[in-house]
Amino acid sequence: MTALRCVLADASAKLSAAGIDGAPRDARALVAAALNIAPMKIALEPDRTVNAAEMALVEEYIARRIVREPVSKILGLRAFWGRDFAVTADTLDPRPETEILIAAALEIGPVSDLLDLGTGTGIIPITLLAEWPNARALAADISPECLETARSNAARHGVEARLSCQMSNWFADISGQFPLILSNPPYIALDEMDALSPEVKNHDPHMALTDQGDGLGAYRQIYSNCAAHLTPGGYVMVEIGPNQGQAVSDLAKAAGLELIAIKPDFDDRDRVVIARAPQ
């Protein structure tokens, strides 16, 4: 048996030696999860004894991180907007940049209904339902596995009665109109895939990353079909890649929408395009 502080130091050293960015942070999260304690408790219990079963789990987690599996995929959870969401091998690992999309939606105030296209884990509609207790949402995805994860996350956060899930390839099986349509679609061009980190390229589903083309295919689908599904004056908000602001804005304008804003992310890169249907 080994003291917790020694286990943590060894885990951090192994991750650092493997070239993992943020090795001490990742080691702390993985060790805490293996011991089923909060990460902050590690500093309070440095001499706690780590038993053989816990040690085996620590070693498994560290080995998986060394080969660049993301911490969120190892633990099956990702923190987003102050809440934990289940993630799986079938879902995109939510990024902090998507919180810009949530902030943009919250700025327009609560809406009665919203549609999220390509919902994945369901973080977008579930977060907004948690913030807007009188709203309802439709979450659409082409993947039944993603929709199952979205339902699970909705139950986790107590909004399952207000979230409906629909299998659909973008708008193909969607009916009705909405005052707010959102999407974080696959926007990475095929020729950019090789440059992605192993954490992304090897552990996120490629269908959630790229359209197998120029990265704008999903936006063409969304904007060319959204007019029939927007209420007058309704908003369309999409997350974009950092170099796509002009191209996506042009697609929105060509579809007859009014461009409202391009929101930057934490690094001042274009991240969300907001457009609105005419009144």
# chains A, B, ... in the order shown; residues from 1 in each chain; ligands from 1
$ residues_around --residues "stretch 143-149 of chain A" --least-positions-apart "6" --cutoff "6 Å" --atoms "only C-alpha atoms" --output "compact mmCIF listing (two decimals) with N, CA and C atoms, in the first residue's frame"
# COMPACT_ATOMS: atom_id res chain seq x y z
N THR A 91 -20.05 10.17 -28.81
CA THR A 91 -20.40 11.59 -28.76
C THR A 91 -19.16 12.47 -28.84
N GLY A 120 -25.64 15.66 -30.18
CA GLY A 120 -24.56 14.95 -29.48
C GLY A 120 -24.95 14.56 -28.08
N THR A 121 -24.23 15.07 -27.10
CA THR A 121 -24.53 14.78 -25.69
C THR A 121 -25.77 15.50 -25.18
$ residues_around --residues "A:Trp81" --least-positions-apart "3" --cutoff "12 Å" --atoms "only C-alpha atoms" --output "list in words"
Arg78, Asp84, Phe85, Pro94, Arg95, Pro96, Glu97, Thr98, Glu99, Ile100, Leu101, Ile102, Ala103, Ile123, Ile124, Ile126, Thr127, Leu128, Ala130 and Glu131 of chain A
$ closest_residue --among "A:Leu8, A:Ser16, A:Gly109, A:Ile62" --to "A:Ala43" --atoms "only C-alpha atoms"
A:Leu8
$ residues_around --residues "stretch 203-211 of chain A" --least-positions-apart "3" --cutoff "8 Å" --atoms "only C-alpha atoms" --output "list in words"
Glu69, Pro70, Lys73, Ala89, Asp90, Thr91, Leu92, Asp93, Pro185, Pro186, Tyr187, Ile188, Ala189, Leu190, Met193, Pro198, Glu199, Val200, Asp214, Gly215, Leu216, Gly217 and Ala218 of chain A
$ closest_residue --among "A:Ala227, A:Asp141, A:Ala195, A:Asp113" --to "A:Arg162" --atoms "only C-alpha atoms"
A:Asp113
$ select_by_dssp --residues "stretch 182-230 of chain A" --states "alpha helix (DSSP H)" --output "PyMOL selection string"
chain A and resi 198-201+217-225
$ atom_distance --atom1 "atom CA of A:Ser164" --atom2 "atom CA of A:Leu138"
4.8 Å
$ residues_around --residues "stretch 231-233 of chain A" --least-positions-apart "4" --cutoff "8 Å" --atoms "only C-alpha atoms" --output "ChimeraX atom specification"
/A:177-179,276-279
$ write_last_selection --atoms "N, CA, C and O atoms" --output "PDB file, in the first residue's frame"
ATOM      1  N   GLN A 177     -42.121  25.121 -36.281  1.00  0.00           N
ATOM      2  CA  GLN A 177     -41.301  26.335 -36.278  1.00  0.00           C
ATOM      3  C   GLN A 177     -40.820  26.634 -34.868  1.00  0.00           C
ATOM      4  O   GLN A 177     -41.475  26.294 -33.882  1.00  0.00           O
ATOM      5  N   PHE A 178     -39.680  27.303 -34.793  1.00  0.00           N
ATOM      6  CA  PHE A 178     -39.035  27.573 -33.517  1.00  0.00           C
ATOM      7  C   PHE A 178     -38.527  29.012 -33.485  1.00  0.00           C
ATOM      8  O   PHE A 178     -38.033  29.527 -34.494  1.00  0.00           O
ATOM      9  N   PRO A 179     -38.592  29.648 -32.315  1.00  0.00           N
ATOM     10  CA  PRO A 179     -38.013  30.982 -32.188  1.00  0.00           C
ATOM     11  C   PRO A 179     -36.492  30.965 -32.045  1.00  0.00           C
ATOM     12  O   PRO A 179     -35.848  32.007 -32.153  1.00  0.00           O
ATOM     13  N   ARG A 276     -30.916  36.202 -37.862  1.00  0.00           N
ATOM     14  CA  ARG A 276     -32.317  36.260 -37.474  1.00  0.00           C
ATOM     15  C   ARG A 276     -33.197  36.288 -38.735  1.00  0.00           C
ATOM     16  O   ARG A 276     -32.836  36.919 -39.731  1.00  0.00           O
ATOM     17  N   ALA A 277     -34.331  35.638 -38.645  1.00  0.00           N
ATOM     18  CA  ALA A 277     -35.306  35.691 -39.740  1.00  0.00           C
ATOM     19  C   ALA A 277     -35.978  37.058 -39.749  1.00  0.00           C
ATOM     20  O   ALA A 277     -36.148  37.687 -38.695  1.00  0.00           O
ATOM     21  N   PRO A 278     -36.372  37.539 -40.916  1.00  0.00           N
ATOM     22  CA  PRO A 278     -37.117  38.809 -40.953  1.00  0.00           C
ATOM     23  C   PRO A 278     -38.397  38.724 -40.122  1.00  0.00           C
ATOM     24  O   PRO A 278     -38.993  37.660 -39.997  1.00  0.00           O
ATOM     25  N   GLN A 279     -38.796  39.871 -39.596  1.00  0.00           N
ATOM     26  CA  GLN A 279     -40.033  39.920 -38.797  1.00  0.00           C
ATOM     27  C   GLN A 279     -41.258  39.692 -39.687  1.00  0.00           C
ATOM     28  O   GLN A 279     -41.299  40.138 -40.807  1.00  0.00           O
TER      29      GLN A 279
END
$ residues_around --residues "A:Glu239" --least-positions-apart "5" --cutoff "7 Å" --atoms "only C-alpha atoms" --output "ChimeraX atom specification"
/A:98,101,183-184,271-273
$ closest_residue --among "A:Thr119, A:Val50, A:Val238, A:Pro125" --to "A:Asn169" --atoms "only C-alpha atoms"
A:Thr119
$ residues_around --residues "A:Ser12" --least-positions-apart "2" --cutoff "12 Å" --atoms "only C-alpha atoms" --output "JSON, numbers by chain"
{"A": [5, 6, 7, 8, 9, 10, 14, 15, 16, 17, 18, 19, 20, 21, 22, 23, 24, 25, 26, 27, 28, 29, 30, 31, 58, 59, 61, 62, 63, 65, 66]}
$ closest_residue --among "A:Leu75, A:Leu182, A:Val67, A:Ala252" --to "A:Ala34" --atoms "only C-alpha atoms"
A:Leu75
$ closest_residue --among "A:Ala32, A:Gly234, A:Met167, A:Asp250" --to "A:Ser112" --atoms "only C-alpha atoms"
A:Gly234
$ select_by_dssp --residues "stretch 53-226 of chain A" --states "strand (DSSP E or B)" --output "VMD selection string"
chain A and resid 77 to 80 83 to 86 113 to 117 136 to 141 163 to 167 178 to 183 188 210
$ residues_around --residues "A:Val111" --least-positions-apart "4" --cutoff "8 Å" --atoms "only C-alpha atoms" --output "PyMOL selection string"
chain A and resi 132+135+179-180
$ write_last_selection --atoms "N, CA and C atoms" --output "CSV table (one decimal), in the first residue's frame"
chain,number,residue,atom,x,y,z
A,132,TRP,N,-33.8,28.0,-18.4
A,132,TRP,CA,-35.1,28.5,-18.7
A,132,TRP,C,-36.1,27.4,-18.3
A,135,ALA,N,-39.2,26.6,-20.7
A,135,ALA,CA,-38.9,26.3,-22.1
A,135,ALA,C,-39.0,24.8,-22.4
A,179,PRO,N,-38.6,29.6,-32.3
A,179,PRO,CA,-38.0,31.0,-32.2
A,179,PRO,C,-36.5,31.0,-32.0
A,180,LEU,N,-35.9,29.8,-31.8
A,180,LEU,CA,-34.5,29.7,-31.6
A,180,LEU,C,-34.0,28.3,-32.2
$ closest_residue --among "A:Leu129, A:Val159, A:Ile142, A:Leu117" --to "A:Tyr219" --atoms "only C-alpha atoms"
A:Leu117
$ decode --residues "stretch 196-243 of chain A" --atoms "N, CA and C atoms" --output "tab-separated table (two decimals), in the first residue's frame"
chain	number	residue	atom	x	y	z
A	196	LEU	N	-5.21	17.67	-36.21
A	196	LEU	CA	-5.87	17.65	-34.92
A	196	LEU	C	-5.04	16.87	-33.90
A	197	SER	N	-5.22	17.20	-32.63
A	197	SER	CA	-4.54	16.47	-31.57
A	197	SER	C	-5.04	15.04	-31.51
A	198	PRO	N	-4.24	14.10	-31.03
A	198	PRO	CA	-4.70	12.71	-30.91
A	198	PRO	C	-5.95	12.58	-30.03
A	199	GLU	N	-6.07	13.46	-29.02
A	199	GLU	CA	-7.24	13.41	-28.15
A	199	GLU	C	-8.53	13.60	-28.94
A	200	VAL	N	-8.46	14.46	-29.96
A	200	VAL	CA	-9.64	14.74	-30.79
A	200	VAL	C	-9.74	13.73	-31.93
A	201	LYS	N	-8.68	13.62	-32.70
A	201	LYS	CA	-8.70	12.81	-33.93
A	201	LYS	C	-8.98	11.33	-33.64
A	202	ASN	N	-8.46	10.83	-32.52
A	202	ASN	CA	-8.58	9.40	-32.23
A	202	ASN	C	-9.72	9.03	-31.30
A	203	HIS	N	-10.39	10.03	-30.71
A	203	HIS	CA	-11.39	9.70	-29.69
A	203	HIS	C	-12.74	10.38	-29.87
A	204	ASP	N	-12.85	11.35	-30.78
A	204	ASP	CA	-14.15	11.92	-31.11
A	204	ASP	C	-14.64	11.28	-32.41
A	205	PRO	N	-15.94	11.02	-32.53
A	205	PRO	CA	-16.45	10.46	-33.78
A	205	PRO	C	-16.22	11.42	-34.94
A	206	HIS	N	-15.67	10.92	-36.02
A	206	HIS	CA	-15.31	11.81	-37.14
A	206	HIS	C	-16.53	12.48	-37.75
A	207	MET	N	-17.69	11.82	-37.70
A	207	MET	CA	-18.89	12.44	-38.26
A	207	MET	C	-19.29	13.70	-37.49
A	208	ALA	N	-18.82	13.83	-36.25
A	208	ALA	CA	-19.10	15.04	-35.47
A	208	ALA	C	-18.04	16.11	-35.66
A	209	LEU	N	-16.97	15.76	-36.35
A	209	LEU	CA	-15.86	16.70	-36.55
A	209	LEU	C	-15.84	17.31	-37.93
A	210	THR	N	-16.03	16.49	-38.97
A	210	THR	CA	-15.85	16.96	-40.34
A	210	THR	C	-17.00	16.54	-41.24
A	211	ASP	N	-17.25	17.36	-42.25
A	211	ASP	CA	-18.24	17.03	-43.27
A	211	ASP	C	-17.61	16.27	-44.43
A	212	GLN	N	-16.34	15.90	-44.26
A	212	GLN	CA	-15.59	15.22	-45.31
A	212	GLN	C	-15.38	16.12	-46.53
A	213	GLY	N	-15.53	17.42	-46.33
A	213	GLY	CA	-15.36	18.38	-47.42
A	213	GLY	C	-14.64	19.62	-46.94
A	214	ASP	N	-15.24	20.78	-47.23
A	214	ASP	CA	-14.58	22.05	-46.90
A	214	ASP	C	-14.93	22.59	-45.53
A	215	GLY	N	-15.72	21.85	-44.75
A	215	GLY	CA	-16.09	22.29	-43.41
A	215	GLY	C	-17.33	23.18	-43.36
A	216	LEU	N	-17.90	23.49	-44.53
A	216	LEU	CA	-19.07	24.38	-44.59
A	216	LEU	C	-20.35	23.64	-44.97
A	217	GLY	N	-20.24	22.34	-45.20
A	217	GLY	CA	-21.40	21.58	-45.67
A	217	GLY	C	-22.59	21.64	-44.74
A	218	ALA	N	-22.34	21.53	-43.43
A	218	ALA	CA	-23.45	21.56	-42.47
A	218	ALA	C	-24.15	22.91	-42.47
A	219	TYR	N	-23.38	23.99	-42.62
A	219	TYR	CA	-23.99	25.33	-42.64
A	219	TYR	C	-24.85	25.51	-43.88
A	220	ARG	N	-24.42	24.95	-44.99
A	220	ARG	CA	-25.25	25.02	-46.20
A	220	ARG	C	-26.58	24.31	-45.96
A	221	GLN	N	-26.53	23.15	-45.31
A	221	GLN	CA	-27.75	22.41	-45.00
A	221	GLN	C	-28.65	23.21	-44.05
A	222	ILE	N	-28.06	23.76	-43.02
A	222	ILE	CA	-28.84	24.49	-42.01
A	222	ILE	C	-29.50	25.73	-42.60
A	223	TYR	N	-28.71	26.57	-43.26
A	223	TYR	CA	-29.25	27.84	-43.74
A	223	TYR	C	-30.21	27.65	-44.92
A	224	SER	N	-29.98	26.66	-45.75
A	224	SER	CA	-30.86	26.49	-46.91
A	224	SER	C	-32.22	25.94	-46.52
A	225	ASN	N	-32.34	25.41	-45.31
A	225	ASN	CA	-33.60	24.80	-44.89
A	225	ASN	C	-34.23	25.45	-43.66
A	226	CYS	N	-33.57	26.41	-43.05
A	226	CYS	CA	-34.08	26.91	-41.76
A	226	CYS	C	-35.27	27.84	-41.90
A	227	ALA	N	-35.46	28.47	-43.06
A	227	ALA	CA	-36.53	29.46	-43.19
A	227	ALA	C	-37.89	28.87	-42.85
A	228	ALA	N	-38.12	27.63	-43.27
A	228	ALA	CA	-39.42	26.99	-43.01
A	228	ALA	C	-39.61	26.61	-41.55
A	229	HIS	N	-38.53	26.66	-40.77
A	229	HIS	CA	-38.61	26.21	-39.38
A	229	HIS	C	-38.36	27.32	-38.37
A	230	LEU	N	-38.26	28.55	-38.84
A	230	LEU	CA	-38.08	29.70	-37.95
A	230	LEU	C	-39.37	30.49	-37.84
A	231	THR	N	-39.72	30.90	-36.65
A	231	THR	CA	-40.81	31.85	-36.49
A	231	THR	C	-40.33	33.21	-37.00
A	232	PRO	N	-41.23	34.11	-37.38
A	232	PRO	CA	-40.78	35.44	-37.80
A	232	PRO	C	-39.95	36.10	-36.69
A	233	GLY	N	-38.79	36.59	-37.08
A	233	GLY	CA	-37.89	37.18	-36.09
A	233	GLY	C	-37.12	36.18	-35.28
A	234	GLY	N	-37.24	34.88	-35.61
A	234	GLY	CA	-36.54	33.85	-34.87
A	234	GLY	C	-35.04	33.85	-35.15
A	235	TYR	N	-34.28	33.33	-34.21
A	235	TYR	CA	-32.82	33.36	-34.28
A	235	TYR	C	-32.24	32.01	-34.68
A	236	VAL	N	-31.15	32.06	-35.43
A	236	VAL	CA	-30.31	30.90	-35.71
A	236	VAL	C	-28.92	31.20	-35.17
A	237	MET	N	-28.42	30.34	-34.30
A	237	MET	CA	-27.09	30.53	-33.71
A	237	MET	C	-26.27	29.27	-33.96
A	238	VAL	N	-25.09	29.44	-34.56
A	238	VAL	CA	-24.25	28.29	-34.86
A	238	VAL	C	-22.83	28.54	-34.38
A	239	GLU	N	-22.21	27.49	-33.86
A	239	GLU	CA	-20.78	27.56	-33.56
A	239	GLU	C	-20.01	27.34	-34.85
A	240	ILE	N	-18.86	28.01	-34.97
A	240	ILE	CA	-18.06	27.93	-36.18
A	240	ILE	C	-16.60	27.73	-35.84
A	241	GLY	N	-15.82	27.34	-36.84
A	241	GLY	CA	-14.37	27.32	-36.70
A	241	GLY	C	-13.84	28.74	-36.72
A	242	PRO	N	-12.64	28.96	-36.18
A	242	PRO	CA	-12.12	30.32	-35.99
A	242	PRO	C	-11.86	31.10	-37.27
A	243	ASN	N	-11.83	30.42	-38.40
A	243	ASN	CA	-11.59	31.12	-39.67
A	243	ASN	C	-12.81	31.11	-40.59
